[in-house]
Amino acid sequence: MQVHIMFFGQLTDITGTQELVLHDIYDTNTLQETLHELYPALANAKYAIAMNKKTIQGNSMFSGDSTIALLPPFSGG
Amino acid sequence: MSKVTENERYQRQISLKELGESGQQKLKNSKVLVVGAGGLGCPALLYLAGAGIGRIGIVDFDLVSLSNLHRQVLFSVHDIGLSKSMKAGDILGKLNPDIEIEVFNQKLDNSNALEILAGFDIILDGTDNFASRYLINDACVLLNKTLVYGAISRFEGQLAVFNKASIPTEIPANYRDLFPLPPADNEVLNCEEAGVIGVLPGIIGTMMANETIKLITGIGEPLLNRLLTYNSLNNRFFEMDLVVMPETKSMIPANADSFKAFNYHWFCNINSNFELNQDDFERIMNDQDIQIVDVREQGEKPLIDDFKHSQIPLSHLKEQIPDMDAQTIVLFCQSGKRSLSAAELLSKHYGQSRKIYSLKDGIAGWQKNK
C-alpha cells in the first residue's frame with residue numbers, strides 16, 4: 001500500500017519537501033507517528049488532514065493507495 | 001442613473017447568457033460586507049463595486065502604510081496615514097456612483113460583529129489574524145450568513161465558501177470544521193513576518209469576488225463545502241471536500257450573549273493567558289479530545305463528580321510531567337491559582353502542541369455557577 005503525502009504552506013519549511021511517498025502504512029495515526037519521527041517539529045505544528053481529498057479528524061484506515069494532504073492554517077490577508 | 005446608462009455600464013456582463021439582466025438585478029439587490037480592506041479586500045472590493053453589488057460594506061480600522069502598497073491595490077502614496085476603509089469607500093464611490101457604500105472605520109470585535117454583519121447577505125473575510133477569522137466564522141454561523149473565506153501565506157493561498165448548504169437539508173461546513181482550534185500565537189507567521197508576494201492576494205481576493213458573484217447570481221459551482229488551495233510558484237491548485245465534524249457545533253458560541261462573552265483574543269493568544277472562564281469550560285468540557293485534570297493534592301474536598309477528570313496533584317507535576325495525549329488540557333484546583341501554575345508548567349513542557357487552560361475561579365467558581 002502506497003501513501004502519497006503532500007505538505008502545504010510553512011509545513012514545507014519543516015519537511016524540506018512538498019511531497020513524500022511512504023509504503024506499508026495502514027492508518028492515519030500510524031502515518032502521523034511516522035511523520036513526526038521523520039520530522040519532529042511537525043508534532044508541534046497545527047494542520048488539517050485530508051485523505052483522498054476529504055478532510056478527516058481522528059484515525060482513518062487506508063483502503064488502498066491513498067493521497068494525504070497536510071494543510072496548515074493561513075492567517076494572512 | 002437611467003436604465004440606459006446602467007445597462008451600458010454592465011453591458012459586457014449582462015450579455016453573458018448565464019448572467020443576463022436577471023443576474024444583474026440580483027447583483028443590484030445584494031448586500032456584501034468585506035472585512036479587511038487589505039491585500040485580499042482591495043481587489044475583491046474593486047471587482048464587487050465594478051460588478052454592481054447594490055450595497056457594499058467595508059470594515060477596517062487600519063491606516064494605509066507604505067509597505068501595504070505592493071499588494072493593497074486601492075491605495076497610493078498620497079493615502080499613507082489615511083483610514084483604509086474611508087479611502088476605499090471614497091475610491092469605490094468614484095468607480096461606481098450607482099451603488100451604496102457603507103464604511104465601518106472600526107475594528108470588528110464581538111461587541112459589534114453581529115450588528116454589523118446582520119445588515120449583509122454575504123460576508124468576505126479578508127482579515128489578517130486568527131482572532132478575527134474565528135470571530136467572523138462564529139458570527140456567520142450564528143447569523144446564518146454565507147462566508148467567503150480567503151487567506152494567504154507567502155506564495156500560497158486558500159479559498160472556500162463556508163456556512164452555505166448546497167442542498168437545503170445539508171449542514172454546511174464552516175472554518176472550525178477545517179481548523180477547530182487556532183494555532184499558538186507564534187506558530188504561524190503573519191504577512192509582516194513571513195512575507196507575501198503582492199500578486200497572490202490579488203489572485204485570491206479576485207477569486208473571492210468571483211465566488212461572491214457566482215453565489216449571488218446562482219451561476220457555476222461555488223466552492224460550497226470545499227477548500228481550494230493555490231500555489232503561485234508552481235501554479236498548482238488542490239481541492240478538497242470539507243467534512244462537517246460532529247464536535248464543531250459545540251465549539252461555537254450558542255447564542256449572541258455567549259458570542260459577546262467569548263474572548264477571541266485570548267482564544268488565539270493562549271500563552272499570554274491560560275484562563276478559561278466557566279461558561280467556556282462548560283462549552284468545551286464534553287469535547288472528544290480533552291483531558292480535564294484536578295491538580296489539587298490528594299484528599300482535598302469537595303470531590304467533583306460533575307464531569308470526567310483525572311487527578312494529578314501540582315506537587316507531582318512539579319516533579320515530572322506525565323504523557324498527556326489530549327489536544328486540549330483543562331486544569332482546575334480550588335480557586336484557579338494553582339491550576340494557573342500547573343498550566344505554566346505544562347505549557348513549558350508541551351510548547352504549542354497542546355491547548356492548555358486553567359479553569360478561572362476553580363471549583364469555587366464552578367459550584368457557585370451551578
# chains A, B, ... in the order shown; residues from 1 in each chain; ligands from 1
>>> select_by_dssp(residues="stretch 57-227 of chain B", states="helix (DSSP H, G or I)", output="MDAnalysis selection string")
chainID B and resid 66:68 77:79 84:95 113:118 130:143 175:178 191:194 199:217
>>> interface_residues(of="chain A", to="chain B", cutoff="7 Å", atoms="only C-alpha atoms", output="list in words")
Gly9, Ala43, Asn44, Ala45, Lys46, Ala48, Lys53, Lys54, Thr55, Ile56, Phe74, Ser75, Gly76 and Gly77 of chain A
>>> closest_residue(among="A:Asp65, A:Glu19, A:Glu37, A:Asp24", to="A:Asn52", atoms="only C-alpha atoms")
A:Asp65
>>> residues_around(residues="B:Leu331", least_positions_apart="4", cutoff="12 Å", atoms="only C-alpha atoms", output="PyMOL selection string")
chain B and resi 274-277+281+285+290-296+309-314+317+335-347+355-363
>>> select_by_dssp(residues="chain A", states="strand (DSSP E)", output="list in words")
Gln2, Val3, His4, Ile5, Met6, Phe7, Glu19, Leu20, Val21, Leu22, His23, Ala48, Ile49, Ala50, Met51, Lys54, Thr55, Ile56, Ser66, Thr67, Ile68, Ala69, Leu70 and Leu71 of chain A
>>> decode(residues="stretch 11-69 of chain A", atoms="C-alpha atoms", output="PDB file, in the first residue's frame")
ATOM      1  CA  LEU A  11       4.981  22.796   6.750  1.00  0.00           C
ATOM      2  CA  THR A  12       7.432  22.544   3.849  1.00  0.00           C
ATOM      3  CA  ASP A  13       9.928  24.528   5.970  1.00  0.00           C
ATOM      4  CA  ILE A  14       9.859  21.589   8.361  1.00  0.00           C
ATOM      5  CA  THR A  15       9.848  18.800   5.807  1.00  0.00           C
ATOM      6  CA  GLY A  16      12.055  20.398   3.174  1.00  0.00           C
ATOM      7  CA  THR A  17       9.825  18.834   0.544  1.00  0.00           C
ATOM      8  CA  GLN A  18       6.310  19.285  -0.814  1.00  0.00           C
ATOM      9  CA  GLU A  19       5.730  15.614  -1.408  1.00  0.00           C
ATOM     10  CA  LEU A  20       6.656  12.267   0.054  1.00  0.00           C
ATOM     11  CA  VAL A  21       5.678   8.670  -0.624  1.00  0.00           C
ATOM     12  CA  LEU A  22       5.541   6.106   2.179  1.00  0.00           C
ATOM     13  CA  HIS A  23       4.737   2.397   1.957  1.00  0.00           C
ATOM     14  CA  ASP A  24       3.053  -0.150   4.184  1.00  0.00           C
ATOM     15  CA  ILE A  25       1.182   2.253   6.408  1.00  0.00           C
ATOM     16  CA  TYR A  26      -2.397   1.308   7.127  1.00  0.00           C
ATOM     17  CA  ASP A  27      -3.963   4.176   9.038  1.00  0.00           C
ATOM     18  CA  THR A  28      -3.555   7.913   9.544  1.00  0.00           C
ATOM     19  CA  ASN A  29      -2.456   7.661  13.198  1.00  0.00           C
ATOM     20  CA  THR A  30       0.490   5.474  12.214  1.00  0.00           C
ATOM     21  CA  LEU A  31       1.199   7.816   9.350  1.00  0.00           C
ATOM     22  CA  GLN A  32       1.300  10.794  11.722  1.00  0.00           C
ATOM     23  CA  GLU A  33       3.599   8.946  14.118  1.00  0.00           C
ATOM     24  CA  THR A  34       5.921   8.080  11.256  1.00  0.00           C
ATOM     25  CA  LEU A  35       5.928  11.666  10.003  1.00  0.00           C
ATOM     26  CA  HIS A  36       6.587  13.015  13.494  1.00  0.00           C
ATOM     27  CA  GLU A  37       9.566  10.662  13.771  1.00  0.00           C
ATOM     28  CA  LEU A  38      10.876  11.798  10.402  1.00  0.00           C
ATOM     29  CA  TYR A  39      10.197  15.478  11.132  1.00  0.00           C
ATOM     30  CA  PRO A  40       9.965  16.070  14.907  1.00  0.00           C
ATOM     31  CA  ALA A  41       8.982  19.750  14.510  1.00  0.00           C
ATOM     32  CA  LEU A  42       5.838  18.598  12.713  1.00  0.00           C
ATOM     33  CA  ALA A  43       4.486  17.328  16.051  1.00  0.00           C
ATOM     34  CA  ASN A  44       4.260  20.923  17.284  1.00  0.00           C
ATOM     35  CA  ALA A  45       2.589  22.281  14.175  1.00  0.00           C
ATOM     36  CA  LYS A  46      -1.172  22.631  13.656  1.00  0.00           C
ATOM     37  CA  TYR A  47      -2.531  21.233  10.437  1.00  0.00           C
ATOM     38  CA  ALA A  48      -5.687  19.780   8.957  1.00  0.00           C
ATOM     39  CA  ILE A  49      -5.532  16.392   7.251  1.00  0.00           C
ATOM     40  CA  ALA A  50      -7.344  15.479   4.065  1.00  0.00           C
ATOM     41  CA  MET A  51      -7.426  11.871   2.967  1.00  0.00           C
ATOM     42  CA  ASN A  52      -8.182  11.314  -0.691  1.00  0.00           C
ATOM     43  CA  LYS A  53      -9.324  14.941  -0.891  1.00  0.00           C
ATOM     44  CA  LYS A  54     -11.729  14.802   2.069  1.00  0.00           C
ATOM     45  CA  THR A  55     -10.907  16.314   5.452  1.00  0.00           C
ATOM     46  CA  ILE A  56     -10.761  13.862   8.356  1.00  0.00           C
ATOM     47  CA  GLN A  57     -10.439  14.012  12.119  1.00  0.00           C
ATOM     48  CA  GLY A  58      -9.354  11.108  14.278  1.00  0.00           C
ATOM     49  CA  ASN A  59      -7.862   7.910  12.924  1.00  0.00           C
ATOM     50  CA  SER A  60      -8.802   6.671   9.434  1.00  0.00           C
ATOM     51  CA  MET A  61      -7.810   3.424   7.744  1.00  0.00           C
ATOM     52  CA  PHE A  62      -6.366   3.437   4.229  1.00  0.00           C
ATOM     53  CA  SER A  63      -8.348   1.188   1.945  1.00  0.00           C
ATOM     54  CA  GLY A  64      -5.768   1.231  -0.848  1.00  0.00           C
ATOM     55  CA  ASP A  65      -3.216   3.590  -2.335  1.00  0.00           C
ATOM     56  CA  SER A  66      -4.090   6.961  -0.857  1.00  0.00           C
ATOM     57  CA  THR A  67      -3.311  10.657  -1.044  1.00  0.00           C
ATOM     58  CA  ILE A  68      -2.868  12.624   2.143  1.00  0.00           C
ATOM     59  CA  ALA A  69      -2.709  16.419   2.308  1.00  0.00           C
TER      60      ALA A  69
END
